[in-house]
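First comes the structure, then the notes that go with it.
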Amino acid sequence: MSQTVTATTTETPISYDINIPYVRVSGESESKTKYPEYLPTWDKIWFDPLPPFEYHDPALRVKDKSKPNLLSNGAKVTHIQPCIGSIVEGVQLSQLSDAAKDELALLVAERKVVAFPDQDLIDAGPARQYEFMRYFGKPNYQPISGSIKGYPGFHIIHRDGNLDEINRFLEQRTTTTLWHQDVSYEIQPPGYVMLGLLQGPEVGGDTVFAATDAAYKRLSPTFRSFLDRLEAVHSSSKMIAHARMTGGLVRKDPVDTVHPLVRVHPVTGEKCLFLNGEFITKIQGLKEPETRVLLDFLLQHIITGHDFQARVRWQPRTIVIFDNRSTIHTAVVDYIDEEHGAKPRHIFRLCALAEKPIPVPRE
């Protein structure tokens, strides 16, 4: 049974993430959406902490790096930027064999972000999409956000006409961007993540990704050796506290996990910065002002690093698969105007949980 929650406009704190609805959408939004079965619901389900599990990355099974099972029959690959991001045309994800899925994992690990336009998997329904992503890892169950009834692994990003909410948000913030890596507080965070566009504005609502291995390499050897030894505390407590303040439903207890600040990618072997502006609460062994200065520097380094970023412009029925271990990303809420309000933007996300982050080996 879904829970209907009404939030007041005067006492409710502003969202820390303007992209996500924490309460049920209006009947008007329900009537306008092209995919009503993907509107967020809040089922009263409780999830216990996920026990540790063994993970085998499908990319490591690939023998032929040319990916003949995935990139055959006229498939076209266009790079968005030299070091990050590709667009693949002429491939239907719904038709991939297991061997092709392994090669897909390798392609995503190599290019970090891969967009697939005009996918029939968008219209195949939640069961097919859910099954597809289970091949790449265990599903992640969201603690607070709206999901699809019967499919708690879906995280629904739905915005429609919420101009007042966005304006109130921007009274306190200078930007709608929030750079993060998805659910990094989990003991075994996601590796491969799927985003599927159901409905979006003609212009705007892009997603920007940055390559955290390239960002790491741009730092001096002395600074890198310092970061290699650090560990950060990732916590979902702020997100859960916000949901409770707004009257939203909570499905999990807060999770606090210590992860290395620099992780080693199991497929590429590259060292990647593992941080975000949402879930890290402290750096082990540093004082609070030191933690703040260090995280601010690293985030600004990534945010301003346009030479290792890729901006994905969404098209109808596009699916994007990205590597959560070697990227950091943000949505861009720019699809608003005073005359017409905020345009509809409707996306689903499926996360495949992977290995526990691998620290840099000690010398």
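Chain labels A, B, ... are given in the sequence in which chains occur in the structure tokens; within each chain residues are numbered consecutively from 1, and ligands are likewise numbered from 1 in the order shown.
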| Could you name the residues that touch region 203-219 of chain A at 6 Å or less, counting only C-alpha atoms, but leaving out those on the same chain fewer than 5 positions away, as a ChimeraX atom specification? | /A:271-273,308-313,326-335
| task | From region 100-133 of chain A, collect each residue whose DSSP state is alpha helix (DSSP H) and return the set as a ChimeraX atom specification. | result | /A:100-111,126-133
Given the selection you just returned, output its residues as a file containing N, CA and C atoms, formatted as a PDB file, in the first residue's frame.
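Generated file (result.pdb):
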ATOM      1  N   ALA A 100      27.438 -10.473 -24.880  1.00  0.00           N
ATOM      2  CA  ALA A 100      27.364  -9.050 -25.233  1.00  0.00           C
ATOM      3  C   ALA A 100      27.218  -8.183 -23.979  1.00  0.00           C
ATOM      4  N   LYS A 101      26.506  -8.683 -22.982  1.00  0.00           N
ATOM      5  CA  LYS A 101      26.379  -7.928 -21.724  1.00  0.00           C
ATOM      6  C   LYS A 101      27.725  -7.820 -21.026  1.00  0.00           C
ATOM      7  N   ASP A 102      28.515  -8.875 -21.074  1.00  0.00           N
ATOM      8  CA  ASP A 102      29.867  -8.795 -20.515  1.00  0.00           C
ATOM      9  C   ASP A 102      30.666  -7.715 -21.227  1.00  0.00           C
ATOM     10  N   GLU A 103      30.559  -7.672 -22.544  1.00  0.00           N
ATOM     11  CA  GLU A 103      31.284  -6.661 -23.313  1.00  0.00           C
ATOM     12  C   GLU A 103      30.735  -5.263 -23.050  1.00  0.00           C
ATOM     13  N   LEU A 104      29.445  -5.161 -22.802  1.00  0.00           N
ATOM     14  CA  LEU A 104      28.853  -3.881 -22.422  1.00  0.00           C
ATOM     15  C   LEU A 104      29.470  -3.379 -21.121  1.00  0.00           C
ATOM     16  N   ALA A 105      29.623  -4.277 -20.156  1.00  0.00           N
ATOM     17  CA  ALA A 105      30.250  -3.892 -18.886  1.00  0.00           C
ATOM     18  C   ALA A 105      31.661  -3.377 -19.128  1.00  0.00           C
ATOM     19  N   LEU A 106      32.405  -4.045 -20.011  1.00  0.00           N
ATOM     20  CA  LEU A 106      33.764  -3.596 -20.309  1.00  0.00           C
ATOM     21  C   LEU A 106      33.748  -2.228 -20.985  1.00  0.00           C
ATOM     22  N   LEU A 107      32.839  -2.032 -21.935  1.00  0.00           N
ATOM     23  CA  LEU A 107      32.748  -0.738 -22.608  1.00  0.00           C
ATOM     24  C   LEU A 107      32.445   0.372 -21.611  1.00  0.00           C
ATOM     25  N   VAL A 108      31.517   0.135 -20.686  1.00  0.00           N
ATOM     26  CA  VAL A 108      31.169   1.140 -19.681  1.00  0.00           C
ATOM     27  C   VAL A 108      32.355   1.394 -18.754  1.00  0.00           C
ATOM     28  N   ALA A 109      33.074   0.336 -18.361  1.00  0.00           N
ATOM     29  CA  ALA A 109      34.245   0.523 -17.511  1.00  0.00           C
ATOM     30  C   ALA A 109      35.311   1.361 -18.220  1.00  0.00           C
ATOM     31  N   GLU A 110      35.446   1.156 -19.535  1.00  0.00           N
ATOM     32  CA  GLU A 110      36.448   1.892 -20.304  1.00  0.00           C
ATOM     33  C   GLU A 110      36.042   3.333 -20.571  1.00  0.00           C
ATOM     34  N   ARG A 111      34.794   3.533 -21.003  1.00  0.00           N
ATOM     35  CA  ARG A 111      34.327   4.864 -21.408  1.00  0.00           C
ATOM     36  C   ARG A 111      33.609   5.599 -20.282  1.00  0.00           C
ATOM     37  N   PRO A 126       8.905  -2.521 -16.409  1.00  0.00           N
ATOM     38  CA  PRO A 126       9.828  -2.615 -15.274  1.00  0.00           C
ATOM     39  C   PRO A 126      10.445  -3.998 -15.091  1.00  0.00           C
ATOM     40  N   ALA A 127       9.696  -5.056 -15.330  1.00  0.00           N
ATOM     41  CA  ALA A 127      10.222  -6.402 -15.097  1.00  0.00           C
ATOM     42  C   ALA A 127      11.431  -6.680 -15.991  1.00  0.00           C
ATOM     43  N   ARG A 128      11.341  -6.317 -17.274  1.00  0.00           N
ATOM     44  CA  ARG A 128      12.452  -6.544 -18.200  1.00  0.00           C
ATOM     45  C   ARG A 128      13.659  -5.687 -17.828  1.00  0.00           C
ATOM     46  N   GLN A 129      13.420  -4.449 -17.480  1.00  0.00           N
ATOM     47  CA  GLN A 129      14.521  -3.553 -17.101  1.00  0.00           C
ATOM     48  C   GLN A 129      15.200  -4.029 -15.822  1.00  0.00           C
ATOM     49  N   TYR A 130      14.393  -4.458 -14.881  1.00  0.00           N
ATOM     50  CA  TYR A 130      14.901  -4.964 -13.597  1.00  0.00           C
ATOM     51  C   TYR A 130      15.767  -6.203 -13.831  1.00  0.00           C
ATOM     52  N   GLU A 131      15.269  -7.096 -14.653  1.00  0.00           N
ATOM     53  CA  GLU A 131      16.012  -8.320 -14.970  1.00  0.00           C
ATOM     54  C   GLU A 131      17.322  -7.998 -15.677  1.00  0.00           C
ATOM     55  N   PHE A 132      17.300  -7.049 -16.595  1.00  0.00           N
ATOM     56  CA  PHE A 132      18.507  -6.674 -17.325  1.00  0.00           C
ATOM     57  C   PHE A 132      19.603  -6.216 -16.371  1.00  0.00           C
ATOM     58  N   MET A 133      19.275  -5.351 -15.442  1.00  0.00           N
ATOM     59  CA  MET A 133      20.304  -4.793 -14.563  1.00  0.00           C
ATOM     60  C   MET A 133      20.766  -5.782 -13.497  1.00  0.00           C
TER      61      MET A 133
END
| query | Contacts of Phe154 (chain A) at 7 Å or less, counting only C-alpha atoms, minus same-chain residues fewer than 4 places along, as a ChimeraX atom specification? | reply | /A:147-148,348-350
| Where does DSSP see strand (DSSP E or B) in region 72-321 of chain A, if you list the residues as number ranges by chain? | A: 76-79, 86-89, 113-116, 138-139, 147-148, 151, 154-159, 180, 190-199, 207-211, 231-235, 256-260, 262-264, 271-273, 280-283, 309-312, 319-321
| task | Could you tell me how far CA of Ile122 (chain A) lies from CA of Lys67 (chain A), in Å and to one decimal? | result | 23.7 Å
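For the atom pair formed by CA of Arg292 (chain A) and CA of Ile144 (chain A), the distance is 26.6 Å, given to one decimal.
If you measure from each of A:Ile358, A:Ile156, A:Leu295, A:Leu195 to Gly269 (chain A) using only C-alpha atoms, the closest one turns out to be A:Ile358.
In this comparison, which uses only C-alpha atoms, the residue of A:Leu353, A:Arg362, A:Leu299, A:Leu294 approaching Tyr141 (chain A) most closely is A:Leu353.
Nearest to Pro36 (chain A) of all the residues A:Pro143, A:Gly125, A:Pro189, A:Gly196 is A:Gly125, counting only C-alpha atoms.
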| task | Please provide the set of residues having any atom within 7 Å of region 254-267 of chain A, restricted to only C-alpha atoms, with same-chain residues fewer than 3 positions apart removed, written as a ChimeraX atom specification. | result | /A:59-60,109,185-187,227-228,230-237,240,270-275,325,357-360
May I have the residues within 6 Å of Tyr192 (chain A) as a PDB file with C-alpha atoms, in the first residue's frame, using only C-alpha atoms and disregarding those fewer than 6 positions away in the same chain?
ATOM      1  CA  PHE A 322      27.557   4.664 -16.329  1.00  0.00           C
ATOM      2  CA  ASP A 323      30.284   3.394 -14.026  1.00  0.00           C
ATOM      3  CA  ALA A 352      23.740  -2.768  -9.536  1.00  0.00           C
TER       4      ALA A 352
END
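Of note, CA of Ser94 (chain A) and CA of Ile321 (chain A) are spaced 13.6 Å apart.
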| task | Within 9 Å of Pro190 (chain A), counting only C-alpha atoms, which residues show up once you throw out same-chain ones fewer than 2 positions away? Write them as JSON, numbers by chain, please. | result | {"A": [137, 138, 139, 140, 181, 182, 183, 184, 186, 188, 192, 193, 323, 324, 325, 351, 352, 353, 354, 355]}
Write to file, as a PDB file, in the first residue's frame, the residues of the selection just made, with C-alpha atoms.
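Saved to result_17.pdb:
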ATOM      1  CA  GLY A 137      25.000  -6.875  -9.739  1.00  0.00           C
ATOM      2  CA  LYS A 138      22.587  -7.001  -6.821  1.00  0.00           C
ATOM      3  CA  PRO A 139      19.760  -4.426  -6.926  1.00  0.00           C
ATOM      4  CA  ASN A 140      19.916  -1.506  -4.540  1.00  0.00           C
ATOM      5  CA  GLN A 181      28.246   9.193  -6.581  1.00  0.00           C
ATOM      6  CA  ASP A 182      25.104   7.136  -6.102  1.00  0.00           C
ATOM      7  CA  VAL A 183      24.407   5.597  -2.668  1.00  0.00           C
ATOM      8  CA  SER A 184      28.106   5.594  -1.746  1.00  0.00           C
ATOM      9  CA  GLU A 186      26.400   1.298   1.153  1.00  0.00           C
ATOM     10  CA  GLN A 188      29.195  -2.410  -1.381  1.00  0.00           C
ATOM     11  CA  TYR A 192      27.031  -0.123 -13.035  1.00  0.00           C
ATOM     12  CA  VAL A 193      24.021   2.227 -13.012  1.00  0.00           C
ATOM     13  CA  ASP A 323      30.284   3.394 -14.026  1.00  0.00           C
ATOM     14  CA  ASN A 324      29.613   4.734 -10.540  1.00  0.00           C
ATOM     15  CA  ARG A 325      33.121   3.775  -9.395  1.00  0.00           C
ATOM     16  CA  CYS A 351      21.735   0.462  -9.498  1.00  0.00           C
ATOM     17  CA  ALA A 352      23.740  -2.768  -9.536  1.00  0.00           C
ATOM     18  CA  LEU A 353      25.688  -3.152  -6.304  1.00  0.00           C
ATOM     19  CA  ALA A 354      29.273  -4.267  -6.831  1.00  0.00           C
ATOM     20  CA  GLU A 355      32.464  -4.872  -4.853  1.00  0.00           C
TER      21      GLU A 355
END
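The protein and nucleic acid residues lying at most 6 Å from His346 (chain A) are A:Ile157, A:His158, A:Leu198, A:Gln199, with only C-alpha atoms considered and sequence neighbours fewer than 5 positions away removed.
Comparing the minimum interatomic distances between Phe223 (chain A) and each of A:Gly74, A:Pro68, A:Arg244, A:Leu298, counting only C-alpha atoms, we find that A:Leu298 sits nearest.
Between Ser145 (chain A) and the candidates A:Val113, A:Ile347, A:Met239, A:Ile302, the tightest atom-to-atom separation, counting only C-alpha atoms, involves A:Met239.
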